[in-house]
Amino acid sequence: MSQADEHVVYVGNNHPEYYVKEMRKGLDNGAKRIILRARGRAISRAVDVSQVSSRILGLRVDSIKIDTERKRLKDGREIGISTIEITMEVATPSL
């Protein structure tokens, strides 16, 4: 699948409805796959957005990737930040 078929939405501190609107924009522009990405505290919001968009936009979860990013702080310490990537696709009607 080409990158033109994908639309990436970075989930942060905005209300979930904002991200659902961003997902709709991607679909309106021809994307067949929406990728939600979030880190840290925004992970639970990304999960909420995926569930709301399933109902409203008719998308289905294709895959979920969970990882940890390593980040170096100003004082030299290194910490791990949890990340999630939820890939959603337009649901095809079952026969």
# chains A, B, ... in the order shown; residues from 1 in each chain; ligands from 1
call {"tool": "select_by_dssp", "arguments": {"residues": "chain A", "states": "helix (DSSP H, G or I)", "output": "VMD selection string"}}
result
chain A and resid 3 to 5 16 to 28 40 to 57
call {"tool": "residues_around", "arguments": {"residues": "region 82-85 of chain A", "least_positions_apart": "2", "cutoff": "6 Å", "atoms": "only C-alpha atoms", "output": "MDAnalysis selection string"}}
result
chainID A and resid 36:40 64:68
call {"tool": "write_last_selection", "arguments": {"atoms": "N, CA and C atoms", "output": "PDB file, in the first residue's frame"}}
result
ATOM      1  N   LEU A  36      -3.174   5.697  13.784  1.00  0.00           N
ATOM      2  CA  LEU A  36      -3.190   6.520  14.993  1.00  0.00           C
ATOM      3  C   LEU A  36      -1.892   6.256  15.745  1.00  0.00           C
ATOM      4  N   ARG A  37      -1.180   7.323  16.102  1.00  0.00           N
ATOM      5  CA  ARG A  37       0.056   7.168  16.873  1.00  0.00           C
ATOM      6  C   ARG A  37      -0.046   8.000  18.139  1.00  0.00           C
ATOM      7  N   ALA A  38       0.406   7.428  19.254  1.00  0.00           N
ATOM      8  CA  ALA A  38       0.364   8.140  20.530  1.00  0.00           C
ATOM      9  C   ALA A  38       1.502   7.656  21.414  1.00  0.00           C
ATOM     10  N   ARG A  39       1.851   8.534  22.371  1.00  0.00           N
ATOM     11  CA  ARG A  39       2.894   8.204  23.341  1.00  0.00           C
ATOM     12  C   ARG A  39       2.406   8.544  24.736  1.00  0.00           C
ATOM     13  N   GLY A  40       2.904   7.821  25.710  1.00  0.00           N
ATOM     14  CA  GLY A  40       2.643   8.147  27.109  1.00  0.00           C
ATOM     15  C   GLY A  40       1.166   8.176  27.474  1.00  0.00           C
ATOM     16  N   ILE A  64      -2.248  -3.523  15.831  1.00  0.00           N
ATOM     17  CA  ILE A  64      -1.834  -2.677  16.949  1.00  0.00           C
ATOM     18  C   ILE A  64      -0.382  -3.009  17.254  1.00  0.00           C
ATOM     19  N   LYS A  65       0.449  -1.972  17.317  1.00  0.00           N
ATOM     20  CA  LYS A  65       1.858  -2.158  17.671  1.00  0.00           C
ATOM     21  C   LYS A  65       2.131  -1.372  18.948  1.00  0.00           C
ATOM     22  N   ILE A  66       2.750  -2.034  19.905  1.00  0.00           N
ATOM     23  CA  ILE A  66       3.107  -1.397  21.168  1.00  0.00           C
ATOM     24  C   ILE A  66       4.618  -1.470  21.296  1.00  0.00           C
ATOM     25  N   ASP A  67       5.224  -0.352  21.720  1.00  0.00           N
ATOM     26  CA  ASP A  67       6.681  -0.301  21.801  1.00  0.00           C
ATOM     27  C   ASP A  67       7.086   0.666  22.912  1.00  0.00           C
ATOM     28  N   THR A  68       8.382   0.790  23.115  1.00  0.00           N
ATOM     29  CA  THR A  68       8.938   1.751  24.056  1.00  0.00           C
ATOM     30  C   THR A  68      10.020   2.549  23.358  1.00  0.00           C
TER      31      THR A  68
END
call {"tool": "residues_around", "arguments": {"residues": "Glu17 (chain A)", "least_positions_apart": "5", "cutoff": "9 Å", "atoms": "only C-alpha atoms", "output": "PyMOL selection string"}}
result
chain A and resi 22+49+52
call {"tool": "residues_around", "arguments": {"residues": "Ser54 (chain A)", "least_positions_apart": "3", "cutoff": "10 Å", "atoms": "only C-alpha atoms", "output": "VMD selection string"}}
result
chain A and resid 20 48 to 51 57 to 61 88 to 91
call {"tool": "closest_residue", "arguments": {"among": "A:Thr92, A:Pro16, A:Leu73, A:Ile79", "to": "Val47 (chain A)", "atoms": "only C-alpha atoms"}}
result
A:Pro16
call {"tool": "residues_around", "arguments": {"residues": "Ala31 (chain A)", "least_positions_apart": "4", "cutoff": "7 Å", "atoms": "only C-alpha atoms", "output": "list in words"}}
result
Ala4, Asp5, Glu6, His7, Gly26 and Leu27 of chain A
call {"tool": "closest_residue", "arguments": {"among": "A:Val11, A:Met23, A:Ile34, A:Ile86", "to": "Ile56 (chain A)", "atoms": "only C-alpha atoms"}}
result
A:Met23
call {"tool": "closest_residue", "arguments": {"among": "A:Asp62, A:Lys21, A:Gly76, A:Gly12", "to": "Ile43 (chain A)", "atoms": "only C-alpha atoms"}}
result
A:Gly12
call {"tool": "atom_distance", "arguments": {"atom1": "CA of Ile81 (chain A)", "atom2": "CA of Glu69 (chain A)"}}
result
5.1 Å
